[in-house]
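Source file: upload-v3.csv; contents: CSV, C-alpha atoms (C1' of nucleotides).
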```csv
chain,number,residue,atom,x,y,z
A,1,MET,CA,0.0,0.0,0.0
A,2,ALA,CA,1.3,3.3,-1.0
A,3,ASN,CA,1.3,6.8,0.1
A,4,GLN,CA,-1.2,8.8,2.2
A,5,GLN,CA,-2.6,11.0,-0.5
A,6,THR,CA,-5.7,12.9,-0.4
A,7,HIS,CA,-8.4,11.8,-2.7
A,8,LEU,CA,-8.1,15.2,-4.4
A,9,ASP,CA,-4.4,14.7,-4.9
A,10,GLN,CA,-5.0,11.5,-6.7
A,11,ILE,CA,-7.7,12.9,-8.9
A,12,PHE,CA,-5.7,15.9,-10.0
A,13,ALA,CA,-2.6,13.8,-10.5
A,14,ALA,CA,-4.7,11.4,-12.6
A,15,LEU,CA,-6.0,14.2,-14.7
A,16,ALA,CA,-2.6,15.8,-15.2
A,17,ASP,CA,-1.8,13.2,-17.9
A,18,PRO,CA,-3.2,13.7,-21.4
A,19,THR,CA,-3.6,10.0,-22.0
A,20,ARG,CA,-5.7,9.7,-18.8
A,21,ARG,CA,-7.7,12.8,-19.6
A,22,ALA,CA,-8.4,11.3,-23.0
A,23,ILE,CA,-9.6,8.1,-21.4
A,24,VAL,CA,-11.9,10.0,-19.1
A,25,MET,CA,-13.3,12.0,-22.0
A,26,ARG,CA,-13.9,8.8,-23.9
A,27,LEU,CA,-15.6,7.2,-20.9
A,28,CYS,CA,-17.9,10.2,-20.6
A,29,ALA,CA,-19.4,9.0,-23.8
A,30,GLY,CA,-20.1,5.6,-22.4
A,31,GLU,CA,-18.4,2.5,-21.0
A,32,ALA,CA,-15.8,0.6,-22.9
A,33,SER,CA,-13.5,-2.4,-22.6
A,34,VAL,CA,-9.8,-2.0,-21.9
A,35,GLY,CA,-8.9,-3.0,-25.5
A,36,GLU,CA,-11.3,-0.5,-27.0
A,37,LEU,CA,-9.9,2.2,-24.8
A,38,ALA,CA,-6.3,1.3,-25.6
A,39,ASP,CA,-6.9,1.1,-29.3
A,40,PRO,CA,-6.4,4.8,-30.3
A,41,PHE,CA,-3.2,5.0,-28.3
A,42,ASP,CA,0.2,4.0,-29.6
A,43,MET,CA,1.3,2.4,-26.4
A,44,ALA,CA,2.0,-1.1,-25.1
A,45,LEU,CA,-0.9,-2.6,-23.2
A,46,PRO,CA,0.9,-2.9,-19.9
A,47,SER,CA,1.8,0.8,-20.0
A,48,PHE,CA,-1.8,1.6,-20.9
A,49,MET,CA,-3.1,-0.6,-18.0
A,50,LYS,CA,-1.1,1.5,-15.6
A,51,HIS,CA,-3.1,4.5,-16.6
A,52,ILE,CA,-6.3,2.6,-16.1
A,53,ARG,CA,-5.0,1.6,-12.7
A,54,VAL,CA,-4.2,5.2,-11.8
A,55,LEU,CA,-7.7,6.3,-12.8
A,56,GLN,CA,-9.2,3.5,-10.8
A,57,THR,CA,-7.3,4.2,-7.6
A,58,SER,CA,-8.2,7.8,-7.9
A,59,GLY,CA,-11.8,6.8,-8.0
A,60,LEU,CA,-12.5,8.4,-11.3
A,61,VAL,CA,-13.0,5.1,-13.1
A,62,LEU,CA,-14.6,1.8,-12.1
A,63,SER,CA,-14.3,-1.5,-13.9
A,64,GLU,CA,-15.4,-5.0,-13.7
A,65,LYS,CA,-14.3,-8.1,-15.5
A,66,SER,CA,-16.7,-10.5,-17.1
A,67,GLY,CA,-15.1,-13.4,-19.0
A,68,ARG,CA,-11.8,-12.1,-20.2
A,69,VAL,CA,-13.1,-8.6,-20.9
A,70,ARG,CA,-12.7,-5.8,-18.4
A,71,THR,CA,-15.3,-3.1,-18.9
A,72,CYS,CA,-14.6,0.4,-17.6
A,73,ARG,CA,-16.9,3.2,-16.8
A,74,LEU,CA,-16.7,6.6,-15.3
A,75,SER,CA,-17.6,7.3,-11.7
A,76,PRO,CA,-19.4,10.7,-12.0
A,77,ASP,CA,-19.1,11.4,-8.3
A,78,ALA,CA,-15.3,11.6,-8.4
A,79,LEU,CA,-15.4,14.1,-11.2
A,80,LEU,CA,-18.0,16.2,-9.4
A,81,GLY,CA,-15.8,16.1,-6.3
A,82,ALA,CA,-13.0,17.8,-8.2
A,83,GLU,CA,-15.3,20.2,-9.9
A,84,ASP,CA,-16.5,21.2,-6.4
A,85,TRP,CA,-13.0,22.2,-5.4
A,86,PHE,CA,-12.9,24.7,-8.2
A,87,GLN,CA,-16.3,26.1,-7.4
A,88,GLN,CA,-15.3,26.6,-3.7
A,89,GLN,CA,-12.2,28.4,-4.7
A,90,ARG,CA,-14.1,30.5,-7.1
A,91,ALA,CA,-16.7,31.4,-4.5
A,92,ILE,CA,-13.9,32.6,-2.2
A,93,TRP,CA,-12.2,34.4,-5.0
A,94,GLU,CA,-15.4,36.1,-6.0
A,95,ALA,CA,-16.4,37.1,-2.5
A,96,ARG,CA,-13.0,38.8,-2.2
A,97,LEU,CA,-13.5,40.5,-5.6
A,98,ASP,CA,-16.8,41.8,-4.4
A,99,ARG,CA,-15.2,43.2,-1.2
A,100,PHE,CA,-12.5,44.7,-3.3
A,101,GLU,CA,-14.9,46.3,-5.6
A,102,ALA,CA,-16.8,47.7,-2.7
A,103,TYR,CA,-13.6,49.1,-1.4
A,104,VAL,CA,-12.7,50.7,-4.7
A,105,MET,CA,-16.1,52.2,-4.8
A,106,LYS,CA,-15.7,53.6,-1.4
A,107,LEU,CA,-12.3,55.1,-2.4
A,108,LYS,CA,-13.8,56.6,-5.5
A,109,LYS,CA,-16.5,58.3,-3.5
A,110,GLU,CA,-14.1,59.6,-0.9
A,111,ARG,CA,-11.8,60.9,-3.6
A,112,ALA,CA,-14.6,62.5,-5.4
A,113,GLY,CA,-15.4,64.4,-2.2
A,114,VAL,CA,-11.8,65.8,-2.0
A,115,LYS,CA,-10.1,67.4,-4.9
A,116,ARG,CA,-10.3,67.1,-8.6
A,117,PRO,CA,-11.3,63.5,-9.6
A,118,SER,CA,-8.5,61.9,-11.4
A,119,ARG,CA,-8.7,58.7,-13.4
A,120,THR,CA,-8.7,56.4,-10.5
A,121,THR,CA,-9.2,52.8,-11.5
A,122,LYS,CA,-8.2,50.7,-14.4
A,123,ARG,CA,-10.7,48.0,-14.1
A,124,LYS,CA,-11.1,45.3,-16.6
A,125,GLY,CA,-14.7,45.7,-17.5
A,126,SER,CA,-16.7,44.3,-14.6
A,127,GLU,CA,-20.2,45.6,-14.2
B,1,MET,CA,13.8,23.3,-21.7
B,2,ALA,CA,11.9,20.2,-21.0
B,3,ASN,CA,8.7,18.7,-22.1
B,4,GLN,CA,5.9,19.8,-24.4
B,5,GLN,CA,3.1,19.8,-21.9
B,6,THR,CA,-0.4,21.1,-22.5
B,7,HIS,CA,-1.4,24.0,-20.3
B,8,LEU,CA,-4.1,21.8,-18.8
B,9,ASP,CA,-1.4,19.2,-17.9
B,10,GLN,CA,0.5,21.8,-16.0
B,11,ILE,CA,-2.5,23.1,-14.2
B,12,PHE,CA,-3.7,19.7,-13.0
B,13,ALA,CA,-0.2,18.7,-12.1
B,14,ALA,CA,0.2,21.9,-10.1
B,15,LEU,CA,-3.0,21.2,-8.3
B,16,ALA,CA,-2.1,17.6,-7.5
B,17,ASP,CA,0.1,18.7,-4.7
B,18,PRO,CA,-1.5,19.6,-1.4
B,19,THR,CA,1.0,22.3,-0.6
B,20,ARG,CA,0.3,24.0,-3.9
B,21,ARG,CA,-3.4,23.7,-3.5
B,22,ALA,CA,-3.1,25.3,-0.2
B,23,ILE,CA,-1.1,28.2,-1.7
B,24,VAL,CA,-3.8,28.6,-4.3
B,25,MET,CA,-6.5,28.6,-1.6
B,26,ARG,CA,-4.6,31.1,0.3
B,27,LEU,CA,-4.2,33.4,-2.7
B,28,CYS,CA,-7.9,33.2,-3.3
B,29,ALA,CA,-8.2,35.4,-0.3
B,30,GLY,CA,-5.8,37.9,-1.6
B,31,GLU,CA,-2.2,38.5,-2.7
B,32,ALA,CA,0.8,37.8,-0.5
B,33,SER,CA,4.5,37.8,-0.4
B,34,VAL,CA,6.6,34.7,-0.8
B,35,GLY,CA,7.5,34.8,2.8
B,36,GLU,CA,4.0,35.2,4.0
B,37,LEU,CA,2.9,32.3,1.8
B,38,ALA,CA,5.8,30.1,3.0
B,39,ASP,CA,5.3,30.8,6.7
B,40,PRO,CA,2.6,28.2,7.6
B,41,PHE,CA,4.6,25.5,5.9
B,42,ASP,CA,7.4,23.6,7.6
B,43,MET,CA,9.6,23.6,4.6
B,44,ALA,CA,12.9,25.1,3.5
B,45,LEU,CA,12.4,28.2,1.4
B,46,PRO,CA,14.1,26.9,-1.7
B,47,SER,CA,11.8,23.9,-1.7
B,48,PHE,CA,8.8,26.2,-1.2
B,49,MET,CA,10.0,28.4,-4.1
B,50,LYS,CA,9.9,25.4,-6.4
B,51,HIS,CA,6.2,25.1,-5.7
B,52,ILE,CA,5.7,28.8,-6.4
B,53,ARG,CA,7.6,28.2,-9.6
B,54,VAL,CA,5.4,25.3,-10.6
B,55,LEU,CA,2.3,27.4,-10.0
B,56,GLN,CA,3.7,30.2,-12.1
B,57,THR,CA,4.7,28.1,-15.1
B,58,SER,CA,1.2,26.6,-15.0
B,59,GLY,CA,-0.2,30.1,-15.2
B,60,LEU,CA,-2.2,29.7,-12.0
B,61,VAL,CA,-0.1,32.3,-10.2
B,62,LEU,CA,1.5,35.6,-11.2
B,63,SER,CA,4.1,37.5,-9.3
B,64,GLU,CA,6.2,40.6,-9.4
B,65,LYS,CA,9.1,41.8,-7.4
B,66,SER,CA,9.3,45.2,-6.0
B,67,GLY,CA,12.3,45.9,-3.8
B,68,ARG,CA,13.3,42.6,-2.3
B,69,VAL,CA,9.8,41.4,-1.9
B,70,ARG,CA,8.0,39.2,-4.4
B,71,THR,CA,4.3,39.5,-4.3
B,72,CYS,CA,2.1,36.7,-5.7
B,73,ARG,CA,-1.4,36.8,-6.8
B,74,LEU,CA,-3.8,34.4,-8.4
B,75,SER,CA,-4.6,34.4,-12.1
B,76,PRO,CA,-8.3,33.7,-12.1
B,77,ASP,CA,-8.3,32.9,-15.8
B,78,ALA,CA,-6.2,29.8,-15.4
B,79,LEU,CA,-8.4,28.5,-12.7
B,80,LEU,CA,-11.5,29.0,-14.8
B,81,GLY,CA,-9.8,27.3,-17.7
B,82,ALA,CA,-9.5,24.1,-15.6
B,83,GLU,CA,-13.0,24.4,-14.3
B,84,ASP,CA,-14.2,24.6,-17.8
B,85,TRP,CA,-12.7,21.3,-18.6
B,86,PHE,CA,-14.9,19.7,-15.9
B,87,GLN,CA,-17.9,21.4,-17.1
B,88,GLN,CA,-17.4,20.2,-20.6
B,89,GLN,CA,-17.0,16.7,-19.5
B,90,ARG,CA,-20.0,17.0,-17.3
B,91,ALA,CA,-22.0,18.3,-20.3
B,92,ILE,CA,-21.1,15.3,-22.4
B,93,TRP,CA,-21.7,13.0,-19.5
B,94,GLU,CA,-25.1,14.4,-18.8
B,95,ALA,CA,-26.1,14.4,-22.5
B,96,ARG,CA,-25.3,10.7,-22.5
B,97,LEU,CA,-27.3,10.2,-19.3
B,98,ASP,CA,-30.2,11.9,-20.9
B,99,ARG,CA,-30.1,9.7,-23.9
B,100,PHE,CA,-29.8,6.7,-21.6
B,101,GLU,CA,-32.7,7.8,-19.6
B,102,ALA,CA,-34.7,8.3,-22.8
B,103,TYR,CA,-33.8,4.8,-23.8
B,104,VAL,CA,-34.9,3.4,-20.5
B,105,MET,CA,-38.1,5.3,-20.7
B,106,LYS,CA,-38.7,3.8,-24.1
B,107,LEU,CA,-38.0,0.3,-22.8
B,108,LYS,CA,-40.4,0.9,-20.0
B,109,LYS,CA,-43.1,2.1,-22.3
B,110,GLU,CA,-42.6,-0.8,-24.6
B,111,ARG,CA,-42.8,-3.2,-21.7
B,112,ALA,CA,-45.9,-1.6,-20.4
B,113,GLY,CA,-47.5,-1.9,-23.8
B,114,VAL,CA,-46.8,-5.7,-24.1
B,115,LYS,CA,-50.5,-6.6,-23.8
B,116,ARG,CA,-51.1,-4.7,-27.0
B,117,PRO,CA,-50.0,-6.7,-30.0
B,118,SER,CA,-47.3,-4.3,-31.2
B,119,ARG,CA,-44.2,-5.4,-33.1
B,120,THR,CA,-41.5,-4.3,-30.7
B,121,THR,CA,-38.0,-4.6,-32.0
B,122,LYS,CA,-35.9,-6.8,-29.8
B,123,ARG,CA,-32.9,-5.3,-28.2
B,124,LYS,CA,-29.8,-7.2,-27.3
B,125,GLY,CA,-31.6,-10.4,-26.2
B,126,SER,CA,-33.1,-9.2,-23.0
B,127,GLU,CA,-36.6,-10.7,-22.8
C,1,DC,C1',-7.6,-30.5,-27.0
C,2,DC,C1',-5.4,-26.4,-29.5
C,3,DT,C1',-5.1,-21.7,-30.6
C,4,DA,C1',-6.1,-17.1,-30.5
C,5,DT,C1',-7.7,-13.3,-27.7
C,6,DA,C1',-7.7,-10.0,-23.6
C,7,DG,C1',-5.6,-8.9,-19.7
C,8,DT,C1',-2.2,-9.3,-16.3
C,9,DT,C1',2.4,-9.8,-13.7
C,10,DA,C1',7.2,-9.0,-13.2
C,11,DG,C1',11.0,-6.5,-13.8
C,12,DC,C1',13.8,-3.1,-16.1
C,13,DT,C1',15.3,1.9,-17.6
C,14,DA,C1',15.1,6.9,-17.9
C,15,DC,C1',13.5,10.9,-16.3
C,16,DA,C1',10.6,14.0,-13.3
C,17,DT,C1',9.5,15.6,-8.6
C,18,DG,C1',10.0,17.0,-3.9
C,19,DG,C1',12.8,17.7,-0.5
C,20,DC,C1',17.3,19.3,1.6
C,21,DT,C1',21.9,22.4,2.4
C,22,DA,C1',25.1,25.8,1.3
C,23,DA,C1',26.2,29.7,-0.6
C,24,DC,C1',25.0,33.9,-2.9
C,25,DC,C1',22.7,38.6,-4.3
C,26,DA,C1',20.1,42.7,-3.4
C,27,DA,C1',17.5,45.8,-0.8
C,28,DC,C1',16.8,48.0,3.6
C,29,DA,C1',18.1,49.6,8.5
C,30,DA,C1',21.2,51.2,11.7
D,1,DT,C1',29.6,50.6,6.0
D,2,DT,C1',27.9,46.7,7.9
D,3,DG,C1',24.5,43.6,9.2
D,4,DT,C1',19.9,41.6,8.3
D,5,DT,C1',16.2,40.3,5.7
D,6,DG,C1',13.9,38.2,1.6
D,7,DG,C1',14.6,35.7,-2.1
D,8,DT,C1',17.5,33.1,-5.4
D,9,DT,C1',20.9,29.7,-7.5
D,10,DA,C1',23.3,25.5,-7.5
D,11,DG,C1',23.7,21.0,-6.6
D,12,DC,C1',22.7,16.8,-4.2
D,13,DC,C1',19.6,12.6,-3.1
D,14,DA,C1',15.5,9.6,-2.6
D,15,DT,C1',11.4,8.4,-4.5
D,16,DG,C1',7.8,8.3,-8.0
D,17,DT,C1',6.2,7.9,-12.8
D,18,DA,C1',5.9,6.5,-17.6
D,19,DG,C1',7.3,3.8,-20.8
D,20,DC,C1',9.1,-0.8,-22.5
D,21,DT,C1',9.7,-6.2,-23.1
D,22,DA,C1',8.9,-10.8,-21.9
D,23,DA,C1',6.4,-14.2,-20.1
D,24,DC,C1',2.2,-15.7,-18.0
D,25,DT,C1',-3.2,-16.7,-17.0
D,26,DA,C1',-7.6,-17.5,-18.4
D,27,DT,C1',-11.5,-17.5,-21.4
D,28,DA,C1',-13.6,-18.1,-26.2
D,29,DG,C1',-13.9,-20.5,-30.3
D,30,DG,C1',-13.1,-24.2,-33.4
```
Would it be possible to restate this file's structure as structure tokens?
Amino acid sequence: MANQQTHLDQIFAALADPTRRAIVMRLCAGEASVGELADPFDMALPSFMKHIRVLQTSGLVLSEKSGRVRTCRLSPDALLGAEDWFQQQRAIWEARLDRFEAYVMKLKKERAGVKRPSRTTKRKGSE
Amino acid sequence: MANQQTHLDQIFAALADPTRRAIVMRLCAGEASVGELADPFDMALPSFMKHIRVLQTSGLVLSEKSGRVRTCRLSPDALLGAEDWFQQQRAIWEARLDRFEAYVMKLKKERAGVKRPSRTTKRKGSE
DNA sequence: CCTATAGTTAGCTACATGGCTAACCAACAA
DNA sequence: TTGTTGGTTAGCCATGTAGCTAACTATAGG
């Protein structure tokens, strides 16, 4: 058993590889066997299987074997989990932006009250 | 220089490390100097700087030096870019789910209509 | 049974990554 | 000027990762 990685660590690490992202994208369109998945890639099967393994341990992909065929499918929950992280960060970020904008507004008003109003802010087109 | 990595590769790779995610989270709350950022981590500065570097080359973080202080801030665009990827995948996934649901619905209806002598096409040998 | 197919295991190499120390440079501060 | 602070460069080491080949297992088909 390996390292004590957060689930999120594993998911992002899994998605950091273009091959694995391609696999995920492919699986978004529906489940597929290992062979089918491997086909478009110019890579030896064992190498490819490692990627599948990484995706599995990250929780992004599930698979089960019936007969000699292993069928893989996406675990939507894992994807959503990662997406959540972004949305949380964005929420924090945007809250701060709001506060910042409010602050700039306040400055603007104050400055307008003092002397001649110079070109105060160079904002990149919010509002 | 090294490898030809997609921007997305770099972003996900950057976010795969808990230290770097923490930095990003911290920067969501506002810009900070390298020293301030490094403070909560029990890590030598050079090691820490490597993380900053990774974040910078991924485009997630921008920084500029004034005097002897380097101030870092988040580049919201990069974060959004990665978030987009998830949303695209989710869109594809959900479209598929919809089609699947439609298919199930159709099956259901057909099955309900069995008493009527309709010529239902057989699908994949279930029934 | 015999062969082909679909994965799997084992083991190797090359390179990337994450951490360290030591030494260095460039502002400030006294 | 001299010392201190904030960051940077250089170089080392241990571990992890991505790829390969070769050889093996197990099912499907004839």
* Within 10 Å of B:Phe48, counting all atoms listed in the file, which residues qualify if same-chain residues fewer than 4 places away don't, as a count of residues only? -> 15
Write out as CSV a residue-level contact list of chain B versus chain C with cut-off 9 Å: for each qualifying residue the closest pair of atoms and the distance in Å to one decimal, counting only C-alpha atoms (C1' of nucleotides), rows sorted by chain and residue number upward.
```
residue,atom,partner,partner_atom,distance
B:Met43,CA,C:DG19,C1',8.4
B:Ala44,CA,C:DC20,C1',7.5
B:Pro46,CA,C:DC20,C1',8.9
B:Ser47,CA,C:DG19,C1',6.4
B:Lys50,CA,C:DG18,C1',8.8
B:Gly67,CA,C:DA27,C1',6.0
B:Arg68,CA,C:DA27,C1',5.5
B:Val69,CA,C:DA27,C1',8.9
```
* Quick one: distance from atom CA of B:Lys108 to atom CA of A:Cys28 in Å, one decimal? ->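 Going from atom CA of B:Lys108 over to atom CA of A:Cys28 covers 24.4 Å.
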Reference chain A, mobile chain B, all Cα atoms fitted, written as a compact mmCIF listing (two decimals) with C-alpha atoms, in the frame of the given file:
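So superposed.txt came out as:
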```
# COMPACT_ATOMS: atom_id res chain seq x y z
CA MET B 1 2.66 1.05 -0.55
CA ALA B 2 3.82 4.37 -1.71
CA ASN B 3 2.89 7.90 -1.11
CA GLN B 4 0.20 9.64 0.91
CA GLN B 5 -1.55 11.40 -1.90
CA THR B 6 -4.81 13.31 -1.62
CA HIS B 7 -7.63 11.90 -3.70
CA LEU B 8 -7.66 15.14 -5.67
CA ASP B 9 -3.91 14.63 -6.44
CA GLN B 10 -4.65 11.27 -7.89
CA ILE B 11 -7.54 12.45 -9.93
CA PHE B 12 -5.69 15.36 -11.52
CA ALA B 13 -2.65 13.23 -12.07
CA ALA B 14 -4.81 10.60 -13.76
CA LEU B 15 -6.30 13.22 -15.98
CA ALA B 16 -2.95 14.73 -16.94
CA ASP B 17 -2.32 11.97 -19.36
CA PRO B 18 -3.98 12.14 -22.75
CA THR B 19 -4.42 8.41 -23.04
CA ARG B 20 -6.24 8.32 -19.73
CA ARG B 21 -8.38 11.25 -20.59
CA ALA B 22 -9.35 9.54 -23.70
CA ILE B 23 -10.31 6.38 -21.75
CA VAL B 24 -12.40 8.53 -19.47
CA MET B 25 -14.09 10.20 -22.47
CA ARG B 26 -14.74 6.90 -23.93
CA LEU B 27 -16.30 5.54 -20.74
CA CYS B 28 -18.54 8.55 -20.60
CA ALA B 29 -20.36 6.96 -23.44
CA GLY B 30 -20.76 3.72 -21.67
CA GLU B 31 -18.92 0.77 -20.11
CA ALA B 32 -16.41 -1.36 -21.98
CA SER B 33 -14.03 -4.17 -21.64
CA VAL B 34 -10.31 -3.72 -21.23
CA GLY B 35 -9.75 -4.97 -24.68
CA GLU B 36 -12.28 -2.75 -26.26
CA LEU B 37 -10.81 0.25 -24.43
CA ALA B 38 -7.24 -0.71 -25.44
CA ASP B 39 -8.03 -1.30 -29.11
CA PRO B 40 -7.76 2.28 -30.52
CA PHE B 41 -4.44 2.73 -28.80
CA ASP B 42 -1.15 1.59 -30.30
CA MET B 43 0.21 0.35 -27.07
CA ALA B 44 1.17 -2.95 -25.47
CA LEU B 45 -1.57 -4.26 -23.22
CA PRO B 46 0.46 -4.28 -20.04
CA SER B 47 1.28 -0.62 -20.54
CA PHE B 48 -2.40 0.10 -21.22
CA MET B 49 -3.37 -1.80 -18.04
CA LYS B 50 -1.18 0.51 -16.00
CA HIS B 51 -3.32 3.40 -17.16
CA ILE B 52 -6.48 1.52 -16.25
CA ARG B 53 -4.86 0.91 -12.90
CA VAL B 54 -4.07 4.57 -12.39
CA LEU B 55 -7.66 5.49 -13.19
CA GLN B 56 -8.95 2.93 -10.73
CA THR B 57 -6.75 3.94 -7.81
CA SER B 58 -7.85 7.53 -8.44
CA GLY B 59 -11.44 6.38 -8.14
CA LEU B 60 -12.36 7.70 -11.57
CA VAL B 61 -12.96 4.20 -12.91
CA LEU B 62 -14.48 1.02 -11.48
CA SER B 63 -14.22 -2.43 -12.90
CA GLU B 64 -15.25 -5.98 -12.32
CA LYS B 65 -14.26 -9.22 -13.86
CA SER B 66 -16.71 -11.74 -14.96
CA GLY B 67 -15.28 -14.77 -16.73
CA ARG B 68 -12.08 -13.63 -18.35
CA VAL B 69 -13.40 -10.27 -19.25
CA ARG B 70 -12.92 -7.15 -17.16
CA THR B 71 -15.53 -4.56 -17.68
CA CYS B 72 -14.83 -0.91 -16.77
CA ARG B 73 -17.18 1.83 -16.09
CA LEU B 74 -16.92 5.40 -14.97
CA SER B 75 -17.50 6.52 -11.40
CA PRO B 76 -19.34 9.77 -11.90
CA ASP B 77 -18.80 10.80 -8.29
CA ALA B 78 -15.07 11.14 -8.68
CA LEU B 79 -15.44 13.25 -11.71
CA LEU B 80 -17.86 15.57 -9.96
CA GLY B 81 -15.51 15.78 -7.02
CA ALA B 82 -12.83 17.30 -9.31
CA GLU B 83 -15.29 19.58 -10.99
CA ASP B 84 -16.28 20.85 -7.65
CA TRP B 85 -12.80 21.93 -6.93
CA PHE B 86 -12.95 24.24 -9.99
CA GLN B 87 -16.20 25.59 -9.03
CA GLN B 88 -15.02 26.47 -5.59
CA GLN B 89 -12.07 28.25 -6.90
CA ARG B 90 -14.19 30.02 -9.41
CA ALA B 91 -16.52 31.12 -6.58
CA ILE B 92 -13.69 32.65 -4.62
CA TRP B 93 -12.26 34.17 -7.74
CA GLU B 94 -15.50 35.75 -8.73
CA ALA B 95 -16.22 37.02 -5.19
CA ARG B 96 -12.87 38.78 -5.38
CA LEU B 97 -13.71 40.17 -8.82
CA ASP B 98 -16.91 41.50 -7.45
CA ARG B 99 -15.22 43.25 -4.64
CA PHE B 100 -12.69 44.62 -7.11
CA GLU B 101 -15.36 45.83 -9.35
CA ALA B 102 -17.09 47.47 -6.38
CA TYR B 103 -13.85 49.16 -5.55
CA VAL B 104 -13.42 50.43 -9.05
CA MET B 105 -16.94 51.66 -9.09
CA LYS B 106 -16.24 53.55 -5.91
CA LEU B 107 -13.09 55.08 -7.38
CA LYS B 108 -15.04 56.12 -10.39
CA LYS B 109 -17.74 57.71 -8.35
CA GLU B 110 -15.24 59.51 -6.23
CA ARG B 111 -13.47 60.79 -9.31
CA ALA B 112 -16.67 61.93 -10.84
CA GLY B 113 -17.53 63.81 -7.69
CA VAL B 114 -14.18 65.75 -7.60
CA LYS B 115 -15.87 69.08 -8.41
CA ARG B 116 -17.76 68.77 -5.16
CA PRO B 117 -15.58 69.63 -2.22
CA SER B 118 -15.70 66.23 -0.52
CA ARG B 119 -12.90 64.85 1.64
CA THR B 120 -11.96 61.77 -0.33
CA THR B 121 -9.51 59.50 1.35
CA LYS B 122 -6.43 59.01 -0.74
CA ARG B 123 -5.62 55.55 -1.86
CA LYS B 124 -2.15 54.30 -2.52
CA GLY B 125 -0.84 57.55 -4.07
CA SER B 126 -2.67 57.47 -7.32
CA GLU B 127 -3.77 61.05 -8.05
```
Per-residue nearest contacts of chain D to chain B (10 Å; all atoms listed in the file) as a tab-separated table:
```
residue	atom	partner	partner_atom	distance
D:DT5	C1'	B:Arg68	CA	8.8
D:DG6	C1'	B:Arg68	CA	5.9
D:DG7	C1'	B:Arg68	CA	7.0
D:DT8	C1'	B:Pro46	CA	8.0
D:DT9	C1'	B:Pro46	CA	9.4
```
With all heavy atoms as the target, complete stretch 103-107 of chain A and hand it back as an mmCIF file, in the frame of the given file.
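Everything below was put into out-v4.cif:
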```cif
data_model
loop_
_atom_site.group_PDB
_atom_site.id
_atom_site.type_symbol
_atom_site.label_atom_id
_atom_site.label_comp_id
_atom_site.auth_asym_id
_atom_site.auth_seq_id
_atom_site.Cartn_x
_atom_site.Cartn_y
_atom_site.Cartn_z
ATOM 1 N N TYR A 103 -14.632 48.215 -1.907
ATOM 2 C CA TYR A 103 -13.600 49.100 -1.400
ATOM 3 C C TYR A 103 -13.200 50.149 -2.369
ATOM 4 O O TYR A 103 -13.066 51.332 -2.035
ATOM 5 C CB TYR A 103 -12.386 48.198 -0.995
ATOM 6 C CG TYR A 103 -11.128 48.944 -0.721
ATOM 7 C CD1 TYR A 103 -11.007 49.742 0.417
ATOM 8 C CD2 TYR A 103 -10.057 48.862 -1.593
ATOM 9 C CE1 TYR A 103 -9.853 50.423 0.665
ATOM 10 C CE2 TYR A 103 -8.891 49.553 -1.347
ATOM 11 C CZ TYR A 103 -8.788 50.329 -0.219
ATOM 12 O OH TYR A 103 -7.635 51.015 0.033
ATOM 13 N N VAL A 104 -13.031 49.722 -3.617
ATOM 14 C CA VAL A 104 -12.700 50.700 -4.700
ATOM 15 C C VAL A 104 -13.782 51.740 -4.794
ATOM 16 O O VAL A 104 -13.511 52.943 -4.923
ATOM 17 C CB VAL A 104 -12.485 49.965 -6.007
ATOM 18 C CG1 VAL A 104 -12.433 50.968 -7.140
ATOM 19 C CG2 VAL A 104 -11.211 49.147 -5.971
ATOM 20 N N MET A 105 -15.000 51.273 -4.743
ATOM 21 C CA MET A 105 -16.100 52.200 -4.800
ATOM 22 C C MET A 105 -16.040 53.246 -3.716
ATOM 23 O O MET A 105 -16.213 54.445 -3.953
ATOM 24 C CB MET A 105 -17.442 51.428 -4.627
ATOM 25 C CG MET A 105 -17.856 50.641 -5.847
ATOM 26 S SD MET A 105 -18.060 51.668 -7.318
ATOM 27 C CE MET A 105 -19.478 50.869 -8.059
ATOM 28 N N LYS A 106 -15.763 52.749 -2.531
ATOM 29 C CA LYS A 106 -15.700 53.600 -1.400
ATOM 30 C C LYS A 106 -14.573 54.685 -1.626
ATOM 31 O O LYS A 106 -14.776 55.887 -1.458
ATOM 32 C CB LYS A 106 -15.366 52.831 -0.127
ATOM 33 C CG LYS A 106 -15.493 53.625 1.160
ATOM 34 C CD LYS A 106 -15.169 52.722 2.358
ATOM 35 C CE LYS A 106 -14.424 53.490 3.435
ATOM 36 N NZ LYS A 106 -13.503 52.624 4.190
ATOM 37 N N LEU A 107 -13.409 54.193 -2.056
ATOM 38 C CA LEU A 107 -12.300 55.100 -2.400
ATOM 39 C C LEU A 107 -12.727 56.151 -3.366
ATOM 40 O O LEU A 107 -12.463 57.331 -3.195
ATOM 41 C CB LEU A 107 -11.146 54.279 -2.979
ATOM 42 C CG LEU A 107 -10.082 53.756 -2.024
ATOM 43 C CD1 LEU A 107 -8.840 53.389 -2.807
ATOM 44 C CD2 LEU A 107 -9.757 54.820 -0.986
#
```
